[in-house]
$ cat target-v4.txt   # compact mmCIF, C-alpha atoms
# COMPACT_ATOMS: atom_id res chain seq x y z
CA MET A 742 85.63 160.50 146.01
CA THR A 743 84.60 156.89 146.21
CA GLN A 744 87.98 155.19 146.18
CA THR A 745 90.46 157.79 147.38
CA PHE A 746 90.77 156.07 150.73
CA VAL A 747 90.94 152.31 151.12
CA LEU A 748 90.43 150.50 154.41
CA THR A 749 93.17 148.02 155.13
CA GLY A 750 91.71 144.55 154.92
CA PHE A 751 88.50 145.75 153.25
CA PRO A 752 89.39 146.67 149.67
CA ASP A 753 85.73 146.77 148.57
CA ALA A 754 84.59 149.16 151.30
CA ALA A 755 83.86 152.80 150.43
CA PRO A 756 84.36 154.52 153.79
CA MET A 757 84.59 158.12 152.55
CA ALA A 758 81.54 157.88 150.29
CA GLY A 759 79.76 156.13 153.16
CA LEU A 760 80.66 158.88 155.62
CA ALA A 761 79.61 161.61 153.15
CA GLY A 762 76.31 159.84 152.50
CA GLY A 763 75.80 159.41 156.24
CA VAL A 764 76.39 163.12 156.90
CA LEU A 765 73.76 163.97 154.25
CA ILE A 766 71.30 161.56 155.90
CA GLY A 767 72.03 163.20 159.26
CA LEU A 768 71.46 166.67 157.79
CA ALA A 769 68.16 165.53 156.26
CA ALA A 770 67.02 164.13 159.61
CA ALA A 771 68.20 167.31 161.38
CA LEU A 772 66.18 169.42 158.93
CA MET A 773 63.04 167.43 159.79
CA LEU A 774 63.73 167.65 163.53
CA LEU A 775 64.78 171.30 163.85
CA GLY A 776 62.82 172.57 160.83
CA ILE A 777 59.39 171.09 161.43
CA GLY A 778 59.74 169.18 164.71
CA ARG A 779 59.36 165.64 163.40
CA ILE A 780 61.34 162.39 163.36
CA ALA A 781 62.59 161.28 159.93
CA GLY A 782 61.46 157.70 160.43
CA ILE A 783 60.88 156.33 156.97
CA SER A 784 58.71 153.31 157.82
CA GLY A 785 56.35 155.51 159.83
CA ILE A 786 56.29 158.26 157.21
CA THR A 787 55.60 155.70 154.46
CA ALA A 788 52.75 154.16 156.45
CA ARG A 789 51.36 157.65 157.00
CA ALA A 790 51.57 158.52 153.28
CA ALA A 791 49.85 155.25 152.35
CA GLY A 792 47.07 155.87 154.86
CA ILE A 793 48.07 152.88 156.99
CA SER A 794 48.87 155.05 160.01
CA ASP A 795 46.89 157.95 161.46
CA SER A 796 49.64 159.50 163.53
CA GLY A 797 52.63 161.63 162.67
CA LEU A 798 53.05 164.16 159.90
CA PRO A 799 50.24 165.71 157.88
CA ARG A 800 49.63 163.28 155.03
CA VAL A 801 50.74 165.75 152.35
CA SER A 802 54.07 166.21 154.17
CA ALA A 803 54.55 162.43 154.39
CA TRP A 804 54.03 162.21 150.63
CA GLY A 805 56.49 165.06 150.10
CA PHE A 806 59.19 163.25 152.04
CA VAL A 807 58.52 159.90 150.32
CA ILE A 808 58.67 161.49 146.85
CA GLY A 809 61.91 163.22 147.81
CA LEU A 810 63.73 159.91 148.44
CA PRO A 811 63.91 158.70 144.80
CA LEU A 812 64.36 162.32 143.67
CA GLY A 813 67.55 162.65 145.70
CA ALA A 814 68.80 159.24 144.58
CA PHE A 815 68.12 160.28 140.99
CA ILE A 816 70.32 163.37 141.32
CA VAL A 817 73.22 161.24 142.60
CA MET A 818 72.60 158.71 139.83
CA LEU A 819 72.83 161.48 137.20
CA ALA A 820 75.93 162.99 138.81
CA GLN A 821 77.71 159.64 138.99
CA GLY A 822 76.48 158.35 135.63
CA GLY A 823 74.58 155.45 137.16
CA LEU A 824 74.52 153.56 140.45
CA PRO A 825 75.38 149.95 141.23
CA ALA A 826 72.27 147.90 141.87
CA ASN A 827 72.26 144.20 142.68
CA PHE A 828 68.73 143.21 143.57
CA ALA A 829 67.30 139.90 144.73
CA SER A 830 64.80 137.97 142.62
CA PRO A 831 61.09 138.96 142.82
CA LEU A 832 60.26 136.10 145.21
CA TYR A 833 62.93 137.09 147.72
CA LEU A 834 62.01 140.78 147.35
CA ALA A 835 58.36 140.00 148.08
CA ILE A 836 59.11 137.82 151.12
CA ALA A 837 61.61 140.37 152.47
CA GLY A 838 59.25 143.29 151.85
CA LEU A 839 56.39 141.58 153.66
CA ILE A 840 58.55 140.82 156.71
CA VAL A 841 60.01 144.35 156.72
CA GLY A 842 56.50 145.82 156.58
CA ILE A 843 55.22 143.72 159.50
CA GLY A 844 58.40 144.14 161.55
CA THR A 845 58.71 147.91 161.19
CA ARG A 846 55.08 148.49 162.21
CA LEU A 847 55.31 146.19 165.25
CA GLY A 848 58.74 147.57 166.16
CA SER A 849 57.66 151.20 165.54
CA GLY A 850 60.60 152.01 163.29
CA CYS A 851 63.46 150.98 161.07
CA THR A 852 67.06 151.94 160.35
CA SER A 853 66.18 155.64 160.02
CA GLY A 854 63.79 156.16 162.94
CA HIS A 855 65.50 153.89 165.48
CA GLY A 856 69.00 153.61 163.98
CA VAL A 857 69.66 157.26 163.08
CA CYS A 858 67.15 159.45 164.94
CA GLY A 859 66.62 157.38 168.10
CA MET A 860 70.17 156.18 168.74
CA SER A 861 71.49 159.74 168.43
CA ARG A 862 68.94 160.79 171.08
CA PHE A 863 70.25 157.93 173.27
CA SER A 864 66.70 156.53 173.40
CA GLN A 865 66.73 153.23 175.26
CA ARG A 866 64.00 151.81 173.02
CA SER A 867 65.84 152.73 169.84
CA ILE A 868 69.17 151.35 171.04
CA VAL A 869 67.50 148.02 171.93
CA ALA A 870 65.61 147.99 168.59
CA THR A 871 68.76 148.74 166.58
CA ILE A 872 70.84 146.07 168.33
CA THR A 873 67.98 143.61 167.79
CA PHE A 874 67.58 144.18 164.05
CA MET A 875 71.34 144.24 163.53
CA VAL A 876 71.72 140.89 165.30
CA THR A 877 68.85 139.21 163.40
CA GLY A 878 70.17 140.76 160.17
CA PHE A 879 73.63 139.29 160.76
CA ALA A 880 72.07 135.94 161.74
CA THR A 881 69.81 135.86 158.67
CA VAL A 882 72.66 136.41 156.22
CA ALA A 883 74.86 133.91 158.08
CA ALA A 884 72.07 131.30 158.07
CA MET A 885 71.30 131.83 154.39
CA ASN A 886 75.00 131.52 153.54
CA ALA A 887 75.24 128.32 155.58
CA LEU A 888 72.25 126.92 153.66
CA GLY A 889 73.87 127.94 150.38
CA LEU A 890 71.05 130.34 149.46
CA GLU A 891 72.39 132.83 146.91
CA VAL A 892 70.07 135.82 146.91
CA LEU A 893 71.83 138.52 144.92
CA PRO A 894 73.09 138.20 141.34
CA MET B 1067 53.61 175.59 152.13
CA MET B 1068 57.18 175.78 153.46
CA ARG B 1069 56.50 173.63 156.51
CA ARG B 1070 53.95 171.26 155.00
CA ILE B 1071 55.55 170.55 151.63
CA LEU B 1072 58.92 172.16 150.84
CA ILE B 1073 60.84 171.07 153.94
CA PRO B 1074 59.61 167.44 153.75
CA VAL B 1075 60.47 167.24 150.01
CA LEU B 1076 63.88 168.82 150.63
CA SER B 1077 64.60 166.54 153.59
CA GLY B 1078 63.47 163.46 151.68
CA SER B 1079 65.65 164.44 148.73
CA ILE B 1080 68.76 165.02 150.85
CA PHE B 1081 68.03 161.72 152.62
CA GLY B 1082 67.67 159.88 149.30
CA ALA B 1083 70.86 161.47 147.96
CA GLY B 1084 72.71 160.41 151.11
CA LEU B 1085 71.49 156.83 150.77
CA ALA B 1086 72.59 156.68 147.14
CA LEU B 1087 75.95 158.37 147.77
CA GLY B 1088 76.64 156.06 150.70
CA GLY B 1089 75.94 153.00 148.55
CA MET B 1090 72.87 151.99 150.55
CA THR B 1091 70.62 151.75 147.47
CA ASP B 1092 72.72 148.76 146.38
CA PRO B 1093 71.53 145.69 148.32
CA ALA B 1094 74.96 144.09 147.74
CA ARG B 1095 76.51 146.83 149.97
CA VAL B 1096 73.95 146.33 152.71
CA ARG B 1097 74.15 142.55 152.60
CA GLY B 1098 77.93 142.87 152.56
CA PHE B 1099 77.67 144.68 155.91
CA LEU B 1100 75.29 142.08 157.30
CA ASP B 1101 77.67 139.31 156.18
CA LEU B 1102 79.66 139.77 159.38
CA PHE B 1103 81.00 136.22 159.42
CA GLY B 1104 81.84 136.17 155.71
CA ASP B 1105 83.22 138.79 153.33
CA TRP B 1106 82.37 141.75 155.58
CA ASP B 1107 81.94 145.25 154.07
CA PRO B 1108 82.02 147.92 156.81
CA THR B 1109 80.71 150.76 154.58
CA LEU B 1110 77.28 150.83 156.26
CA ALA B 1111 78.92 151.51 159.61
CA PHE B 1112 80.42 154.72 158.17
CA VAL B 1113 77.02 155.76 156.80
CA MET B 1114 75.36 155.12 160.15
CA GLY B 1115 78.21 156.80 162.02
CA GLY B 1116 78.09 159.94 159.88
CA ALA B 1117 74.32 160.23 160.22
CA VAL B 1118 74.29 159.63 163.98
CA LEU B 1119 77.12 162.14 164.50
CA VAL B 1120 75.15 164.95 162.82
CA MET B 1121 71.98 164.00 164.66
CA VAL B 1122 73.68 163.94 168.07
CA ILE B 1123 74.42 167.64 167.47
CA ALA B 1124 70.86 168.29 166.26
CA TRP B 1125 69.45 166.73 169.45
CA GLN B 1126 71.61 169.14 171.51
CA ILE B 1127 70.11 172.11 169.64
CA GLN B 1128 66.50 170.88 169.75
CA PRO B 1129 65.74 171.59 173.46
CA LYS B 1130 66.97 175.18 173.01
CA LEU B 1131 64.23 175.86 170.46
CA ILE B 1132 60.80 176.86 171.72
CA ARG B 1133 59.29 175.74 168.44
CA PRO B 1134 60.60 174.32 165.15
CA LEU B 1135 62.37 176.80 162.85
CA PHE B 1136 59.57 176.72 160.28
CA GLY B 1137 56.75 176.86 162.83
CA GLY B 1138 54.33 174.35 164.24
CA GLU B 1139 55.08 172.27 167.33
CA PHE B 1140 57.59 169.57 168.17
CA ALA B 1141 55.89 166.16 167.99
CA LEU B 1142 58.49 163.69 169.24
CA PRO B 1143 58.08 160.15 170.57
CA GLY B 1144 58.11 159.97 174.36
CA THR B 1145 57.69 156.25 174.90
CA GLN B 1146 60.27 154.61 177.15
CA ASP B 1147 58.98 151.05 177.59
CA LEU B 1148 60.92 148.08 176.30
CA THR B 1149 58.09 145.86 175.12
CA ALA B 1150 57.98 142.40 173.55
CA ARG B 1151 56.33 144.09 170.58
CA LEU B 1152 59.30 146.44 170.06
CA ILE B 1153 61.83 143.62 170.29
CA GLY B 1154 59.82 141.07 168.30
CA GLY B 1155 59.02 143.60 165.58
CA SER B 1156 62.65 144.73 165.35
CA ALA B 1157 63.81 141.10 165.20
CA LEU B 1158 61.42 140.45 162.30
CA PHE B 1159 62.53 143.63 160.54
CA GLY B 1160 66.16 142.50 160.76
CA ILE B 1161 65.28 139.15 159.17
CA GLY B 1162 63.55 140.87 156.23
CA TRP B 1163 66.44 143.34 155.96
CA GLY B 1164 68.91 140.46 155.81
CA ILE B 1165 67.01 138.47 153.18
CA ALA B 1166 67.07 141.10 150.43
CA GLY B 1167 69.44 143.75 151.78
CA LEU B 1168 66.75 146.42 151.72
CA CYS B 1169 65.10 148.55 154.39
CA PRO B 1170 62.26 151.02 153.72
CA GLY B 1171 64.34 154.11 152.73
CA PRO B 1172 66.63 152.48 150.17
CA GLY B 1173 63.70 150.41 148.90
CA ILE B 1174 61.80 153.58 148.01
CA ALA B 1175 64.85 155.51 146.77
CA ALA B 1176 65.72 152.58 144.46
CA LEU B 1177 62.55 153.26 142.44
CA VAL B 1178 64.71 155.36 140.10
CA ILE B 1179 67.45 152.71 139.89
CA GLU B 1180 65.58 149.41 139.52
CA PRO B 1181 61.89 150.36 139.31
CA VAL B 1182 60.43 146.85 139.06
CA SER B 1183 62.49 145.34 141.89
CA ALA B 1184 61.87 148.36 144.12
CA ALA B 1185 58.14 148.31 143.38
CA ILE B 1186 57.82 144.62 144.30
CA PHE B 1187 59.58 145.27 147.60
CA ILE B 1188 57.47 148.37 148.36
CA VAL B 1189 54.12 146.71 147.53
CA ALA B 1190 55.01 143.71 149.73
CA MET B 1191 56.15 146.06 152.52
CA LEU B 1192 52.87 148.00 152.37
CA ALA B 1193 50.98 144.69 152.45
CA GLY B 1194 52.87 143.74 155.61
CA MET B 1195 52.00 147.10 157.18
CA VAL B 1196 48.33 146.65 156.27
CA LEU B 1197 48.37 143.15 157.79
CA VAL B 1198 49.52 144.55 161.14
CA ARG B 1199 46.79 147.15 161.06
CA LEU B 1200 44.11 144.60 160.13
CA PHE B 1201 45.31 142.26 162.86
CA GLU B 1202 45.04 145.07 165.37
CA GLY B 1203 41.45 145.71 164.27
CA LYS B 1204 42.03 149.30 163.23
CA ALA B 1205 41.06 148.86 159.59

$ encode --input "target-v4.txt" --output "structure tokens"
Amino acid sequence: MTQTFVLTGFPDAAPMAGLAGGVLIGLAAALMLLGIGRIAGISGITARAAGISDSGLPRVSAWGFVIGLPLGAFIVMLAQGGLPANFASPLYLAIAGLIVGIGTRLGSGCTSGHGVCGMSRFSQRSIVATITFMVTGFATVAAMNALGLEVLP
Amino acid sequence: MMRRILIPVLSGSIFGAGLALGGMTDPARVRGFLDLFGDWDPTLAFVMGGAVLVMVIAWQIQPKLIRPLFGGEFALPGTQDLTARLIGGSALFGIGWGIAGLCPGPGIAALVIEPVSAAIFIVAMLAGMVLVRLFEGKA
């Protein structure tokens, strides 16, 4: 499934696997929305589970969703006999995590809440948020490349 | 039980499976997408496109429901304001996303792939969230 279709000019891309994964993510978010009336915004749900936020889902539901994430990834990992994983060094992970934590709370969402759930609702706030984090994401990688900072193995 | 636990676990699991299948639990894929001016990998755009497509349909169905399928009430954000906080926070989030190629979902899902790396990212992320709360005096 992963390499049955190759994008001209992008031999490393996995468009079909990406699309299939995206449809699953959309179905998961649709289940939260239509099933129990909530937004599948992962930064907010995580903050709720950790007791850092008072709003949103019941805390037990937030924990349920958070526990489900690695569970689902585990099933795919078993089915595919492992998953590629190229992670940054602990220092970069810690700096990145800290900034992601601060940014998602101030910005009220991340790639799931704004990018998937909000954009599809044509929410003005989410469209602006998504464009903003995409642009700073592109700029960050470009700047780090220009400085010769190799982050991933 | 259904509404409080089973649906969230099921949704989280499908979400995590989608992230893994789409390659988003590998920071090299995500950083490859963010490397727009270098060796660009468009895979993430397909993931985002697939997810948004399904959710556009879900948002068309939502107003036709009086209440969610498994009971309770709809609790959806109604804010419309474009604030400096929204833009500044999103800008910061993008910087952190670009540094390590991880956002909250894949960071948590990766616990089963690279437990130590994922845990470092998650602990730092929670610390950042706590900082915002402390700064806002809601501790």

$ atom_distance --input "target-v4.txt" --atom1 "CA of Pro1074 in chain B" --atom2 "CA of Ala835 in chain A"
28.0 Å

$ residues_around --input "target-v4.txt" --residues "Gly1154 in chain B" --least-positions-apart "2" --cutoff "12 Å" --atoms "only C-alpha atoms" --output "PDB file with C-alpha atoms, keeping the file's coordinate frame"
ATOM      1  CA  ILE A 840      58.550 140.820 156.710  1.00  0.00           C
ATOM      2  CA  ILE A 843      55.220 143.720 159.500  1.00  0.00           C
ATOM      3  CA  GLY A 844      58.400 144.140 161.550  1.00  0.00           C
ATOM      4  CA  THR A 845      58.710 147.910 161.190  1.00  0.00           C
ATOM      5  CA  ARG A 846      55.080 148.490 162.210  1.00  0.00           C
ATOM      6  CA  LEU A 847      55.310 146.190 165.250  1.00  0.00           C
ATOM      7  CA  GLY A 848      58.740 147.570 166.160  1.00  0.00           C
ATOM      8  CA  SER A 849      57.660 151.200 165.540  1.00  0.00           C
ATOM      9  CA  VAL A 869      67.500 148.020 171.930  1.00  0.00           C
ATOM     10  CA  ALA A 870      65.610 147.990 168.590  1.00  0.00           C
ATOM     11  CA  THR A 871      68.760 148.740 166.580  1.00  0.00           C
ATOM     12  CA  THR A 873      67.980 143.610 167.790  1.00  0.00           C
ATOM     13  CA  PHE A 874      67.580 144.180 164.050  1.00  0.00           C
ATOM     14  CA  THR A 877      68.850 139.210 163.400  1.00  0.00           C
TER      15      THR A 877
ATOM     16  CA  LEU B1148      60.920 148.080 176.300  1.00  0.00           C
ATOM     17  CA  THR B1149      58.090 145.860 175.120  1.00  0.00           C
ATOM     18  CA  ALA B1150      57.980 142.400 173.550  1.00  0.00           C
ATOM     19  CA  ARG B1151      56.330 144.090 170.580  1.00  0.00           C
ATOM     20  CA  LEU B1152      59.300 146.440 170.060  1.00  0.00           C
ATOM     21  CA  SER B1156      62.650 144.730 165.350  1.00  0.00           C
ATOM     22  CA  ALA B1157      63.810 141.100 165.200  1.00  0.00           C
ATOM     23  CA  LEU B1158      61.420 140.450 162.300  1.00  0.00           C
ATOM     24  CA  PHE B1159      62.530 143.630 160.540  1.00  0.00           C
ATOM     25  CA  GLY B1160      66.160 142.500 160.760  1.00  0.00           C
ATOM     26  CA  ILE B1161      65.280 139.150 159.170  1.00  0.00           C
TER      27      ILE B1161
END

$ interface_residues --input "target-v4.txt" --of "chain A" --to "chain B" --cutoff "6 Å" --atoms "all atoms listed in the file" --output "PDB file with C-alpha atoms, in the coordinates of the input"
ATOM      1  CA  ALA A 754      84.590 149.160 151.300  1.00  0.00           C
ATOM      2  CA  ALA A 755      83.860 152.800 150.430  1.00  0.00           C
ATOM      3  CA  PRO A 756      84.360 154.520 153.790  1.00  0.00           C
ATOM      4  CA  ALA A 758      81.540 157.880 150.290  1.00  0.00           C
ATOM      5  CA  GLY A 759      79.760 156.130 153.160  1.00  0.00           C
ATOM      6  CA  LEU A 760      80.660 158.880 155.620  1.00  0.00           C
ATOM      7  CA  GLY A 762      76.310 159.840 152.500  1.00  0.00           C
ATOM      8  CA  GLY A 763      75.800 159.410 156.240  1.00  0.00           C
ATOM      9  CA  VAL A 764      76.390 163.120 156.900  1.00  0.00           C
ATOM     10  CA  LEU A 765      73.760 163.970 154.250  1.00  0.00           C
ATOM     11  CA  ILE A 766      71.300 161.560 155.900  1.00  0.00           C
ATOM     12  CA  GLY A 767      72.030 163.200 159.260  1.00  0.00           C
ATOM     13  CA  ALA A 769      68.160 165.530 156.260  1.00  0.00           C
ATOM     14  CA  ALA A 771      68.200 167.310 161.380  1.00  0.00           C
ATOM     15  CA  LEU A 775      64.780 171.300 163.850  1.00  0.00           C
ATOM     16  CA  GLY A 776      62.820 172.570 160.830  1.00  0.00           C
ATOM     17  CA  ILE A 777      59.390 171.090 161.430  1.00  0.00           C
ATOM     18  CA  GLY A 778      59.740 169.180 164.710  1.00  0.00           C
ATOM     19  CA  ARG A 779      59.360 165.640 163.400  1.00  0.00           C
ATOM     20  CA  ILE A 783      60.880 156.330 156.970  1.00  0.00           C
ATOM     21  CA  SER A 784      58.710 153.310 157.820  1.00  0.00           C
ATOM     22  CA  SER A 802      54.070 166.210 154.170  1.00  0.00           C
ATOM     23  CA  GLY A 805      56.490 165.060 150.100  1.00  0.00           C
ATOM     24  CA  PHE A 806      59.190 163.250 152.040  1.00  0.00           C
ATOM     25  CA  GLY A 809      61.910 163.220 147.810  1.00  0.00           C
ATOM     26  CA  LEU A 810      63.730 159.910 148.440  1.00  0.00           C
ATOM     27  CA  PRO A 811      63.910 158.700 144.800  1.00  0.00           C
ATOM     28  CA  LEU A 812      64.360 162.320 143.670  1.00  0.00           C
ATOM     29  CA  GLY A 813      67.550 162.650 145.700  1.00  0.00           C
ATOM     30  CA  ALA A 814      68.800 159.240 144.580  1.00  0.00           C
ATOM     31  CA  VAL A 817      73.220 161.240 142.600  1.00  0.00           C
ATOM     32  CA  PRO A 825      75.380 149.950 141.230  1.00  0.00           C
ATOM     33  CA  ALA A 826      72.270 147.900 141.870  1.00  0.00           C
ATOM     34  CA  ASN A 827      72.260 144.200 142.680  1.00  0.00           C
ATOM     35  CA  ALA A 829      67.300 139.900 144.730  1.00  0.00           C
ATOM     36  CA  LEU A 834      62.010 140.780 147.350  1.00  0.00           C
ATOM     37  CA  ALA A 835      58.360 140.000 148.080  1.00  0.00           C
ATOM     38  CA  ALA A 837      61.610 140.370 152.470  1.00  0.00           C
ATOM     39  CA  GLY A 838      59.250 143.290 151.850  1.00  0.00           C
ATOM     40  CA  LEU A 839      56.390 141.580 153.660  1.00  0.00           C
ATOM     41  CA  ILE A 840      58.550 140.820 156.710  1.00  0.00           C
ATOM     42  CA  VAL A 841      60.010 144.350 156.720  1.00  0.00           C
ATOM     43  CA  GLY A 842      56.500 145.820 156.580  1.00  0.00           C
ATOM     44  CA  ILE A 843      55.220 143.720 159.500  1.00  0.00           C
ATOM     45  CA  GLY A 844      58.400 144.140 161.550  1.00  0.00           C
ATOM     46  CA  THR A 845      58.710 147.910 161.190  1.00  0.00           C
ATOM     47  CA  LEU A 847      55.310 146.190 165.250  1.00  0.00           C
ATOM     48  CA  GLY A 848      58.740 147.570 166.160  1.00  0.00           C
ATOM     49  CA  VAL A 857      69.660 157.260 163.080  1.00  0.00           C
ATOM     50  CA  SER A 861      71.490 159.740 168.430  1.00  0.00           C
ATOM     51  CA  ARG A 866      64.000 151.810 173.020  1.00  0.00           C
ATOM     52  CA  ALA A 870      65.610 147.990 168.590  1.00  0.00           C
ATOM     53  CA  THR A 873      67.980 143.610 167.790  1.00  0.00           C
ATOM     54  CA  PHE A 874      67.580 144.180 164.050  1.00  0.00           C
ATOM     55  CA  THR A 877      68.850 139.210 163.400  1.00  0.00           C
ATOM     56  CA  GLY A 878      70.170 140.760 160.170  1.00  0.00           C
ATOM     57  CA  PHE A 879      73.630 139.290 160.760  1.00  0.00           C
ATOM     58  CA  THR A 881      69.810 135.860 158.670  1.00  0.00           C
ATOM     59  CA  VAL A 882      72.660 136.410 156.220  1.00  0.00           C
TER      60      VAL A 882
END

$ axis_aligned_box --input "target-v4.txt" --around "range 1110-1124 of chain B" --padding-each-side "3 Å" --output "JSON"
{"center_x": 75.6, "center_y": 159.6, "center_z": 162.2, "size_x": 15.6, "size_y": 23.5, "size_z": 17.8}

$ atom_distance --input "target-v4.txt" --atom1 "CA of Gly850 in chain A" --atom2 "CA of Gly785 in chain A"
6.5 Å

$ atom_distance --input "target-v4.txt" --atom1 "CA of Ile793 in chain A" --atom2 "CA of Ile780 in chain A"
17.5 Å

$ closest_residue --input "target-v4.txt" --among "A:Asp753, A:Val807, A:Leu772, A:Ser864" --to "Arg789 in chain A" --atoms "only C-alpha atoms"
A:Val807

$ decode --input "target-v4.txt" --residues "range 1109-1123 of chain B" --atoms "N, CA and C atoms" --output "compact mmCIF listing (two decimals), in the first residue's frame"
# COMPACT_ATOMS: atom_id res chain seq x y z
N THR B 1109 3.94 14.34 1.69
CA THR B 1109 3.04 13.34 2.31
C THR B 1109 2.05 13.96 3.31
N LEU B 1110 2.55 14.86 4.17
CA LEU B 1110 1.68 15.45 5.20
C LEU B 1110 0.47 16.16 4.60
N ALA B 1111 0.64 16.72 3.41
CA ALA B 1111 -0.48 17.41 2.76
C ALA B 1111 -1.59 16.41 2.42
N PHE B 1112 -1.21 15.19 2.06
CA PHE B 1112 -2.22 14.16 1.77
C PHE B 1112 -2.93 13.72 3.05
N VAL B 1113 -2.17 13.62 4.14
CA VAL B 1113 -2.77 13.26 5.44
C VAL B 1113 -3.79 14.34 5.82
N MET B 1114 -3.34 15.58 5.79
CA MET B 1114 -4.21 16.70 6.16
C MET B 1114 -5.42 16.77 5.24
N GLY B 1115 -5.19 16.58 3.94
CA GLY B 1115 -6.28 16.65 2.97
C GLY B 1115 -7.32 15.56 3.22
N GLY B 1116 -6.87 14.34 3.46
CA GLY B 1116 -7.79 13.23 3.72
C GLY B 1116 -8.62 13.49 4.96
N ALA B 1117 -7.97 13.97 6.01
CA ALA B 1117 -8.66 14.21 7.28
C ALA B 1117 -9.68 15.35 7.14
N VAL B 1118 -9.27 16.43 6.48
CA VAL B 1118 -10.16 17.58 6.33
C VAL B 1118 -11.37 17.21 5.46
N LEU B 1119 -11.12 16.42 4.42
CA LEU B 1119 -12.21 15.99 3.53
C LEU B 1119 -13.32 15.27 4.31
N VAL B 1120 -12.92 14.30 5.13
CA VAL B 1120 -13.90 13.55 5.93
C VAL B 1120 -14.62 14.49 6.90
N MET B 1121 -13.85 15.40 7.51
CA MET B 1121 -14.46 16.29 8.50
C MET B 1121 -15.36 17.36 7.89
N VAL B 1122 -15.10 17.73 6.65
CA VAL B 1122 -16.02 18.68 5.98
C VAL B 1122 -17.41 18.04 5.90
N ILE B 1123 -17.44 16.74 5.59
CA ILE B 1123 -18.72 16.02 5.52
C ILE B 1123 -19.35 15.94 6.91
